[in-house]
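Structure data (compact mmCIF, C-alpha atoms and all ligand atoms) from entry.txt:
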```txt
# COMPACT_ATOMS: atom_id res chain seq x y z
CA MET J 1 185.54 78.28 117.86
CA ILE J 2 185.40 74.72 119.18
CA MET J 3 183.57 74.50 122.47
CA GLN J 4 182.32 71.91 124.93
CA ASP J 5 178.65 72.52 125.58
CA ARG J 6 176.05 70.79 127.70
CA MET J 7 173.26 70.86 125.16
CA THR J 8 169.62 70.20 125.92
CA VAL J 9 167.59 67.61 124.01
CA THR J 10 164.57 69.41 122.56
CA SER J 11 163.28 66.54 120.40
CA GLN J 12 164.04 62.88 119.81
CA GLN J 13 162.14 60.79 117.29
CA GLN J 14 162.58 57.62 115.31
CA LEU J 15 162.49 58.23 111.53
CA ALA J 16 163.01 54.70 110.20
CA LYS J 17 164.34 51.33 111.33
CA ALA J 18 167.13 52.17 113.87
CA ILE J 19 167.36 55.71 112.45
CA PHE J 20 166.80 58.56 114.91
CA GLU J 21 166.60 62.33 114.67
CA ILE J 22 167.68 64.32 117.71
CA LYS J 23 167.50 68.09 118.15
CA LEU J 24 169.85 69.78 120.60
CA SER J 25 169.90 73.38 121.75
CA GLY J 26 172.84 75.31 123.13
CA LYS J 27 175.47 77.98 122.51
CA LEU J 28 177.52 75.68 120.28
CA VAL J 29 175.04 76.21 117.42
CA GLY J 30 176.25 79.81 117.09
CA GLU J 31 179.77 78.54 116.28
CA ILE J 32 178.83 76.35 113.29
CA THR J 33 180.38 77.79 110.14
CA SER J 34 179.65 75.33 107.32
CA PRO J 35 177.46 72.35 106.39
CA GLY J 36 179.31 69.05 106.78
CA GLN J 37 180.88 69.94 110.13
CA PHE J 38 180.29 67.44 112.89
CA VAL J 39 180.04 67.19 116.66
CA HIS J 40 181.61 64.70 119.04
CA ILE J 41 179.13 63.46 121.61
CA ARG J 42 179.72 61.94 125.00
CA VAL J 43 176.70 59.69 125.27
CA SER J 44 177.01 58.93 128.98
CA ASP J 45 178.10 60.79 132.12
CA SER J 46 180.02 57.70 133.25
CA PHE J 47 183.30 56.51 131.70
CA GLU J 48 181.56 53.80 129.72
CA PRO J 49 181.68 54.15 126.81
CA LEU J 50 184.83 56.22 127.13
CA LEU J 51 185.07 57.61 123.61
CA ARG J 52 182.81 60.23 122.15
CA ARG J 53 180.84 59.47 118.97
CA PRO J 54 181.23 61.66 115.86
CA ILE J 55 177.89 62.66 114.27
CA SER J 56 177.35 65.11 111.40
CA ILE J 57 175.25 68.22 111.77
CA ALA J 58 172.20 67.57 109.55
CA SER J 59 170.53 70.94 109.94
CA ILE J 60 170.91 74.23 111.79
CA ASN J 61 168.28 76.60 113.13
CA ARG J 62 170.24 79.64 114.29
CA GLU J 63 167.18 81.61 115.48
CA ALA J 64 166.15 78.76 117.79
CA GLY J 65 169.78 78.01 118.75
CA GLU J 66 169.08 74.43 117.73
CA MET J 67 170.78 71.80 115.56
CA THR J 68 169.48 68.50 114.21
CA LEU J 69 171.48 65.27 114.06
CA ILE J 70 170.37 62.05 112.36
CA TYR J 71 172.03 58.84 113.45
CA ARG J 72 171.77 55.08 113.23
CA ALA J 73 171.46 53.39 116.64
CA GLU J 74 173.84 50.55 116.05
CA GLY J 75 176.51 49.99 118.71
CA ARG J 76 176.66 50.80 122.40
CA GLY J 77 177.16 54.56 122.08
CA THR J 78 174.48 55.41 119.56
CA SER J 79 171.99 53.10 121.34
CA LEU J 80 172.57 55.07 124.55
CA LEU J 81 172.06 58.30 122.60
CA SER J 82 168.70 57.01 121.35
CA GLN J 83 167.56 56.67 124.98
CA LYS J 84 167.97 60.40 125.69
CA ARG J 85 164.69 62.18 126.24
CA VAL J 86 163.48 65.79 125.88
CA GLY J 87 165.02 67.87 128.68
CA ASP J 88 168.08 65.62 129.13
CA GLU J 89 171.51 67.20 128.76
CA VAL J 90 174.25 65.86 126.49
CA ASP J 91 177.95 66.74 126.56
CA VAL J 92 178.84 67.90 123.04
CA LEU J 93 182.23 68.97 121.65
CA GLY J 94 182.12 71.00 118.47
CA PRO J 95 181.63 72.20 115.88
CA LEU J 96 184.47 70.10 114.48
CA GLY J 97 186.18 69.81 111.13
CA ASN J 98 185.99 71.67 107.86
CA GLY J 99 182.72 71.17 106.03
CA PHE J 100 181.44 71.71 102.49
CA SER J 101 181.98 75.13 100.91
CA VAL J 102 178.80 76.53 99.37
CA ASP J 103 180.96 79.15 97.58
CA GLU J 104 182.17 76.48 95.13
CA THR J 105 178.85 76.63 93.22
CA ALA J 106 177.29 79.83 91.87
CA ALA J 107 173.61 80.77 91.68
CA GLY J 108 171.99 79.27 88.57
CA GLU J 109 174.48 76.38 88.39
CA THR J 110 173.65 72.73 89.06
CA ALA J 111 175.11 70.74 91.97
CA ILE J 112 174.62 67.01 92.40
CA LEU J 113 174.53 65.76 95.98
CA ILE J 114 175.10 62.04 96.45
CA GLY J 115 174.62 60.40 99.85
CA GLY J 116 174.77 56.87 101.13
CA GLY J 117 173.03 55.71 104.34
CA ILE J 118 174.19 57.68 107.35
CA GLY J 119 176.21 59.82 104.94
CA VAL J 120 172.96 61.46 103.82
CA PRO J 121 172.40 63.79 106.86
CA PRO J 122 175.12 66.45 106.25
CA LEU J 123 173.89 66.87 102.66
CA TYR J 124 170.58 68.22 103.96
CA GLU J 125 172.01 71.42 105.47
CA LEU J 126 174.29 71.70 102.42
CA SER J 127 171.31 71.53 100.07
CA LYS J 128 169.36 74.05 102.17
CA GLN J 129 172.23 76.55 101.91
CA LEU J 130 172.88 75.91 98.20
CA THR J 131 169.23 76.19 97.18
CA ALA J 132 168.87 79.37 99.30
CA LYS J 133 171.53 81.01 97.13
CA GLY J 134 169.87 79.86 93.89
CA VAL J 135 171.81 76.69 93.05
CA ASN J 136 169.81 73.92 91.36
CA CYS J 137 170.38 70.85 93.59
CA ILE J 138 169.81 67.28 92.42
CA HIS J 139 169.91 64.65 95.18
CA VAL J 140 170.75 60.97 94.79
CA LEU J 141 170.23 59.15 98.08
CA GLY J 142 171.22 55.52 98.48
CA PHE J 143 169.98 53.16 101.19
CA GLN J 144 169.98 49.42 101.86
CA SER J 145 166.17 49.06 101.76
CA ASP J 146 162.88 50.93 102.08
CA ASP J 147 162.72 50.55 105.89
CA VAL J 148 165.84 52.68 106.46
CA VAL J 149 164.98 55.52 104.05
CA PHE J 150 164.65 58.92 105.74
CA TYR J 151 164.18 62.61 104.80
CA GLU J 152 162.85 61.82 101.31
CA GLU J 153 160.18 64.55 101.53
CA GLU J 154 162.62 67.06 103.05
CA PHE J 155 165.06 66.63 100.15
CA LYS J 156 162.23 66.66 97.57
CA ALA J 157 161.16 70.05 98.93
CA LEU J 158 164.60 71.39 97.97
CA GLY J 159 165.04 69.83 94.52
CA GLU J 160 164.88 66.78 92.26
CA THR J 161 165.46 63.71 94.43
CA TYR J 162 166.21 60.10 93.48
CA ILE J 163 166.03 57.26 96.00
CA VAL J 164 168.09 54.14 95.34
CA THR J 165 167.93 50.94 97.39
CA VAL J 166 170.25 47.95 97.19
CA ASP J 167 167.34 45.48 97.36
CA GLY J 168 165.02 47.52 95.11
CA SER J 169 162.31 47.86 97.78
CA LYS J 170 162.09 51.61 97.04
CA GLY J 171 163.13 53.75 94.09
CA THR J 172 165.78 52.48 91.70
CA LYS J 173 167.34 49.11 92.52
CA GLY J 174 171.09 49.05 92.98
CA PHE J 175 173.66 51.72 93.81
CA VAL J 176 173.72 55.52 93.48
CA THR J 177 175.84 55.17 90.33
CA ASN J 178 172.89 53.47 88.58
CA VAL J 179 170.99 56.75 88.75
CA MET J 180 173.97 59.03 88.18
CA THR J 181 174.36 57.75 84.60
CA GLU J 182 170.93 59.26 83.81
CA LEU J 183 171.62 62.72 85.25
CA PRO J 184 172.61 65.91 83.40
CA THR J 185 176.32 66.02 82.62
CA GLU J 186 176.62 69.81 82.80
CA LEU J 187 176.96 69.91 86.56
CA ALA J 188 179.16 72.58 88.16
CA THR J 189 179.99 70.63 91.30
CA TYR J 190 179.27 67.37 93.04
CA TYR J 191 179.24 66.75 96.77
CA SER J 192 179.18 63.31 98.35
CA CYS J 193 179.17 61.61 101.74
CA GLY J 194 178.89 57.90 102.43
CA PRO J 195 180.87 54.68 102.67
CA MET J 196 184.32 54.50 101.05
CA PRO J 197 183.34 52.17 98.16
CA MET J 198 180.55 54.58 97.25
CA LEU J 199 182.85 57.61 97.38
CA ASP J 200 185.33 55.74 95.21
CA ALA J 201 182.66 54.90 92.60
CA VAL J 202 181.26 58.44 92.59
CA GLN J 203 184.70 59.98 92.19
CA LYS J 204 185.55 57.66 89.30
CA MET J 205 182.27 58.35 87.53
CA TYR J 206 182.76 62.12 87.80
CA GLU J 207 186.47 62.15 87.00
CA GLY J 208 187.56 65.63 85.86
CA LYS J 209 184.57 67.36 87.51
CA LYS J 210 184.84 69.56 90.57
CA GLY J 211 183.84 67.47 93.56
CA PHE J 212 184.01 67.33 97.34
CA LEU J 213 183.89 64.14 99.41
CA SER J 214 183.19 63.75 103.13
CA PHE J 215 184.85 60.82 104.90
CA GLU J 216 183.64 58.91 107.94
CA GLN J 217 186.81 57.58 109.53
CA ARG J 218 186.93 56.02 113.00
CA MET J 219 187.86 58.69 115.52
CA GLY J 220 189.38 59.08 118.95
CA CYS J 221 189.81 62.73 119.98
CA GLY J 222 188.07 64.46 117.03
CA ILE J 223 190.41 67.48 117.31
CA GLY J 224 193.65 66.40 115.62
CA ALA J 225 195.55 65.16 118.68
CA CYS J 226 195.46 61.33 118.59
CA PHE J 227 196.09 60.31 114.95
CA ALA J 228 193.25 57.73 115.04
CA CYS J 229 191.68 59.14 111.89
CA VAL J 230 194.76 59.47 109.68
CA CYS J 231 194.38 58.65 105.96
CA GLN J 232 196.92 58.43 103.17
CA THR J 233 196.82 60.99 100.41
CA THR J 234 197.34 60.73 96.66
CA GLU J 235 200.10 62.45 94.71
CA GLU J 236 197.63 65.32 94.06
CA THR J 237 198.60 66.90 97.37
CA ASP J 238 201.95 67.64 98.99
CA LYS J 239 200.85 66.25 102.37
CA ALA J 240 201.88 62.64 103.08
CA TYR J 241 198.79 62.03 105.20
CA ILE J 242 195.76 63.93 106.43
CA LYS J 243 193.63 63.81 109.57
CA VAL J 244 189.97 63.38 108.72
CA CYS J 245 188.82 65.09 111.95
CA SER J 246 190.74 68.35 111.68
CA ASP J 247 191.84 68.60 108.00
CA GLY J 248 188.46 67.23 106.85
CA PRO J 249 186.06 65.47 106.99
CA VAL J 250 185.45 67.14 103.60
CA PHE J 251 188.25 67.04 100.99
CA PRO J 252 188.35 67.92 97.30
CA ALA J 253 187.97 64.82 95.12
CA GLY J 254 191.29 63.15 94.39
CA VAL J 255 193.08 64.13 97.61
CA VAL J 256 192.42 61.08 99.82
CA ALA J 257 193.70 57.68 98.70
CA ILE J 258 190.57 55.51 98.75
C1 LIG B 301 182.82 62.86 110.59
C2 LIG B 301 181.82 61.77 110.89
C3 LIG B 301 180.47 62.03 110.77
C4 LIG B 301 179.53 61.03 111.04
N1 LIG B 301 178.22 61.34 110.93
C5 LIG B 301 177.30 60.41 111.24
C6 LIG B 301 175.91 60.74 111.18
O1 LIG B 301 175.51 61.85 110.85
N2 LIG B 301 175.04 59.76 111.53
C7 LIG B 301 175.45 58.51 111.92
O2 LIG B 301 174.61 57.67 112.21
N3 LIG B 301 176.74 58.17 111.97
C8 LIG B 301 177.68 59.09 111.65
N4 LIG B 301 179.00 58.76 111.72
C9 LIG B 301 179.37 57.39 112.10
C10 LIG B 301 179.23 57.25 113.59
O3 LIG B 301 180.19 58.06 114.24
C11 LIG B 301 179.42 55.81 114.01
O4 LIG B 301 178.44 55.03 113.41
C12 LIG B 301 179.27 55.71 115.51
O5 LIG B 301 180.36 56.35 116.13
C13 LIG B 301 179.24 54.28 115.95
O6 LIG B 301 179.09 54.32 117.34
P1 LIG B 301 178.35 53.15 118.10
O7 LIG B 301 178.35 53.48 119.53
O8 LIG B 301 177.04 52.89 117.45
O9 LIG B 301 179.25 51.89 117.75
P2 LIG B 301 180.40 51.17 118.53
O10 LIG B 301 180.73 49.98 117.73
O11 LIG B 301 180.04 50.99 119.97
O12 LIG B 301 181.58 52.21 118.42
C14 LIG B 301 182.87 51.85 118.79
C15 LIG B 301 183.87 52.92 118.38
O13 LIG B 301 184.01 52.93 116.99
C16 LIG B 301 183.80 54.20 116.50
N5 LIG B 301 183.09 54.00 115.22
C17 LIG B 301 182.34 52.93 114.87
N6 LIG B 301 181.88 53.05 113.62
C18 LIG B 301 182.36 54.20 113.15
C19 LIG B 301 182.25 54.88 111.91
N7 LIG B 301 181.55 54.40 110.87
N8 LIG B 301 182.85 56.07 111.79
C20 LIG B 301 183.56 56.58 112.82
N9 LIG B 301 183.72 56.00 114.00
C21 LIG B 301 183.13 54.82 114.17
C22 LIG B 301 182.99 54.92 117.53
O14 LIG B 301 183.17 56.32 117.53
C23 LIG B 301 183.51 54.30 118.78
O15 LIG B 301 184.67 54.95 119.20
C24 LIG B 301 179.96 59.73 111.45
C25 LIG B 301 181.33 59.47 111.57
C26 LIG B 301 182.25 60.47 111.29
C27 LIG B 301 183.70 60.20 111.43
S1 LIG B 302 190.44 61.61 115.80
FE1 LIG B 302 192.21 62.15 116.91
S2 LIG B 302 193.47 63.00 115.36
FE2 LIG B 302 191.58 62.69 114.34
```
Go ahead and render the structure in this file as structure tokens.
Ligand SMILES: Cc1cc2nc3c(=O)[nH]c(=O)nc-3n(C[C@H](O)[C@H](O)[C@H](O)COP(=O)(O)OP(=O)(O)OC[C@H]3O[C@@H](n4cnc5c(N)ncnc54)[C@H](O)[C@@H]3O)c2cc1C
Ligand code: FES
Amino acid sequence: MIMQDRMTVTSQQQLAKAIFEIKLSGKLVGEITSPGQFVHIRVSDSFEPLLRRPISIASINREAGEMTLIYRAEGRGTSLLSQKRVGDEVDVLGPLGNGFSVDETAAGETAILIGGGIGVPPLYELSKQLTAKGVNCIHVLGFQSDDVVFYEEEFKALGETYIVTVDGSKGTKGFVTNVMTELPTELATYYSCGPMPMLDAVQKMYEGKKGFLSFEQRMGCGIGACFACVCQTTEETDKAYIKVCSDGPVFPAGVVAI
């Protein structure tokens, strides 16, 4: 059930250049059903900025009633979010959208998880849930440069992890696809989240394989009412368009026209 919760900040720390990790506790955590869902955050109690900001759920701790978000403090909204301190309350709407299905990969099979920049966070909870059921997860994480890399150790603790940077300051130089050519071809499933050009390249490279892509479209309402996040579909679906917020953000590969 989608709810509006005043969640309490239990931790806020900077992980890398302009990259922050915030932990929030509240009843909303009990409503999260799948990795890849997101929340819509009102970063200020005033009307400025007016619109909420969509941020993926990076990790869930049900026992503690706590969720972790990782975000890049970039524009006005996310910069205000980075100023929240432990004990502050934040107005959160969620959980929103349909996330990644862990049922698509069976125990003993291999899944390849490919993330780019701020598309990496939702893959962390996905990997935790897949590895817990016995799936062999391989992670390919792409960043601009060494100073914005985050969660390398966390992903390594779950499975084989490759870091790729555009400028070559850490890991393999180039794009995620440079590493993907070296990976096992007998994967059962691939899951990806990141910028559109990356999703396009990943989808083309794994053509014919079972894959799921998460899209980060600009959003207004986050609940399917405003049409801000509408995308065109391909002929592989009978819908003329889809709403990323309520039909997605995760779609099977081939459904969204990139
Ligand atoms: C489903 C989903 C999950 C996301 N998960 C994450 C995450 O885990 N971590 C993270 O750092 N970022 C994530 N983003 C992107 C994040 O929402 C934007 O970077 C953020 O809203 C920008 O806000 P701002 O205040 O920094 O920028 P501003 O420029 O002040 O924002 C202006 C407006 O544009 C919208 N906007 C700007 N960039 C984007 C974008 N790339 N996607 C969607 N809306 C945008 C904002 O919501 C706002 O309404 C996600 C986006 C979506 C749609
Ligand atoms: S953001 Fe309003 S319909 Fe998707």
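With all atoms listed in the file taken into account, the protein and nucleic acid residues at most 7 Å from Ala16 in chain J (excluding it and anything under 4 positions from it in its own chain) are Asp147, Val148, Val149 and Phe150 of chain J.
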All residues having an atom within 6 Å of ligand LIG 301 (chain B) (only C-alpha atoms and all ligand atoms) as a PyMOL selection string: chain J and resi 38+51+53-56+70-78+118+121+216-219+249
Test item: residues lying within 6 Å of ligand LIG 302 (chain B) with all atoms listed in the file, as a PyMOL selection string: chain J and resi 219-229+243-245
Selected residue of minimal separation from Tyr151 in chain J among J:Ser59, J:Gln12, J:Thr237, J:Gln203, counting all atoms listed in the file: J:Ser59
Write out, as CSV, each residue of range 152-183 of chain J that has an atom at most 9 Å from range 130-140 of chain J, together with the closest pair of atoms and their distance in Å to one decimal, counting all atoms listed in the file, rows going by chain and rising number.
```
residue,atom,partner,partner_atom,distance
J:Phe155,CA,J:His139,CA,7.2
J:Lys156,CA,J:His139,CA,8.3
J:Leu158,CA,J:Thr131,CA,6.7
J:Gly159,CA,J:Cys137,CA,5.5
J:Glu160,CA,J:Ile138,CA,5.0
J:Thr161,CA,J:His139,CA,4.6
J:Tyr162,CA,J:Val140,CA,4.8
J:Ile163,CA,J:Val140,CA,6.1
J:Val164,CA,J:Val140,CA,7.4
J:Val176,CA,J:Val140,CA,6.3
J:Thr177,CA,J:Val140,CA,8.9
J:Val179,CA,J:Val140,CA,7.4
J:Met180,CA,J:Val140,CA,7.6
J:Leu183,CA,J:Ile138,CA,8.7
```
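The gap separating CA of Cys231 in chain J from CA of Leu141 in chain J is 25.4 Å, in Å to one decimal.
If you count all atoms listed in the file and ignore residues fewer than 5 places along the chain from Glu89 in chain J, what sits within 12 Å of it is Asp5, Arg6, Met7, Thr8, Val9, Thr10, Ser11, Lys23, Leu24, Ser25, Gly26, Ile41, Arg42, Val43, Ser44, Asp45, Leu81, Gln83 and Lys84 of chain J.
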Residue nearest Ala107 in chain J among J:Ala18, J:Ile258, J:Thr172, J:Ala188 (counting all atoms listed in the file): J:Ala188
Straight-line distance linking CA of Gly115 in chain J with CA of Cys193 in chain J, stated in Å to one decimal: 5.1 Å
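Interatomic distance, CA of Glu31 in chain J to CA of Ser192 in chain J: 23.5 Å.
Remark: residues at most 9 Å from position (178.3, 49.1, 98.9) in file coordinates are Gly116, Gln144, Val166, Phe175, Pro195, Met196, Pro197 and Met198 of chain J, using only C-alpha atoms.
Comparing J:Ala257, J:Glu104, J:Thr234, J:Gly119 by their smallest distance to Gly211 in chain J, the closest is J:Glu104 (using only C-alpha atoms).
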Please output range 233-252 of chain J, rebuilt to include N, CA and C atoms, as a compact mmCIF listing (two decimals), in the frame of the given file.
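Written output follows (part-v6.txt):
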```txt
# COMPACT_ATOMS: atom_id res chain seq x y z
N THR J 233 197.25 60.10 101.49
CA THR J 233 196.82 60.99 100.41
C THR J 233 197.34 60.48 99.06
N THR J 234 196.85 61.07 98.00
CA THR J 234 197.34 60.73 96.66
C THR J 234 198.46 61.70 96.29
N GLU J 235 199.02 61.55 95.13
CA GLU J 235 200.10 62.45 94.71
C GLU J 235 199.56 63.85 94.36
N GLU J 236 198.20 64.01 94.38
CA GLU J 236 197.63 65.32 94.06
C GLU J 236 197.80 66.35 95.17
N THR J 237 198.36 65.94 96.30
CA THR J 237 198.60 66.90 97.37
C THR J 237 200.03 66.71 97.89
N ASP J 238 200.58 67.77 98.49
CA ASP J 238 201.95 67.64 98.99
C ASP J 238 202.00 67.10 100.41
N LYS J 239 200.85 66.84 101.03
CA LYS J 239 200.85 66.25 102.37
C LYS J 239 200.96 64.73 102.26
N ALA J 240 201.73 64.09 103.14
CA ALA J 240 201.88 62.64 103.08
C ALA J 240 200.64 61.94 103.64
N TYR J 241 200.01 62.59 104.60
CA TYR J 241 198.79 62.03 105.20
C TYR J 241 197.92 63.19 105.67
N ILE J 242 196.66 62.90 105.92
CA ILE J 242 195.76 63.93 106.43
C ILE J 242 194.98 63.35 107.62
N LYS J 243 194.49 64.23 108.47
CA LYS J 243 193.63 63.81 109.57
C LYS J 243 192.20 64.15 109.18
N VAL J 244 191.36 63.14 109.15
CA VAL J 244 189.97 63.38 108.72
C VAL J 244 189.27 64.34 109.68
N CYS J 245 189.57 64.26 110.98
CA CYS J 245 188.82 65.09 111.95
C CYS J 245 189.13 66.57 111.82
N SER J 246 190.40 66.92 111.65
CA SER J 246 190.74 68.35 111.68
C SER J 246 191.06 68.92 110.29
N ASP J 247 191.61 68.11 109.37
CA ASP J 247 191.84 68.60 108.00
C ASP J 247 190.55 68.46 107.19
N GLY J 248 189.72 67.50 107.53
CA GLY J 248 188.46 67.23 106.85
C GLY J 248 187.32 67.48 107.78
N PRO J 249 186.21 66.73 107.74
CA PRO J 249 186.06 65.47 106.99
C PRO J 249 185.86 65.65 105.49
N VAL J 250 185.69 66.93 105.03
CA VAL J 250 185.45 67.14 103.60
C VAL J 250 186.77 67.47 102.90
N PHE J 251 187.04 66.78 101.79
CA PHE J 251 188.25 67.04 100.99
C PHE J 251 187.83 67.15 99.52
N PRO J 252 188.61 67.92 98.74
CA PRO J 252 188.35 67.92 97.30
C PRO J 252 188.56 66.51 96.75
```
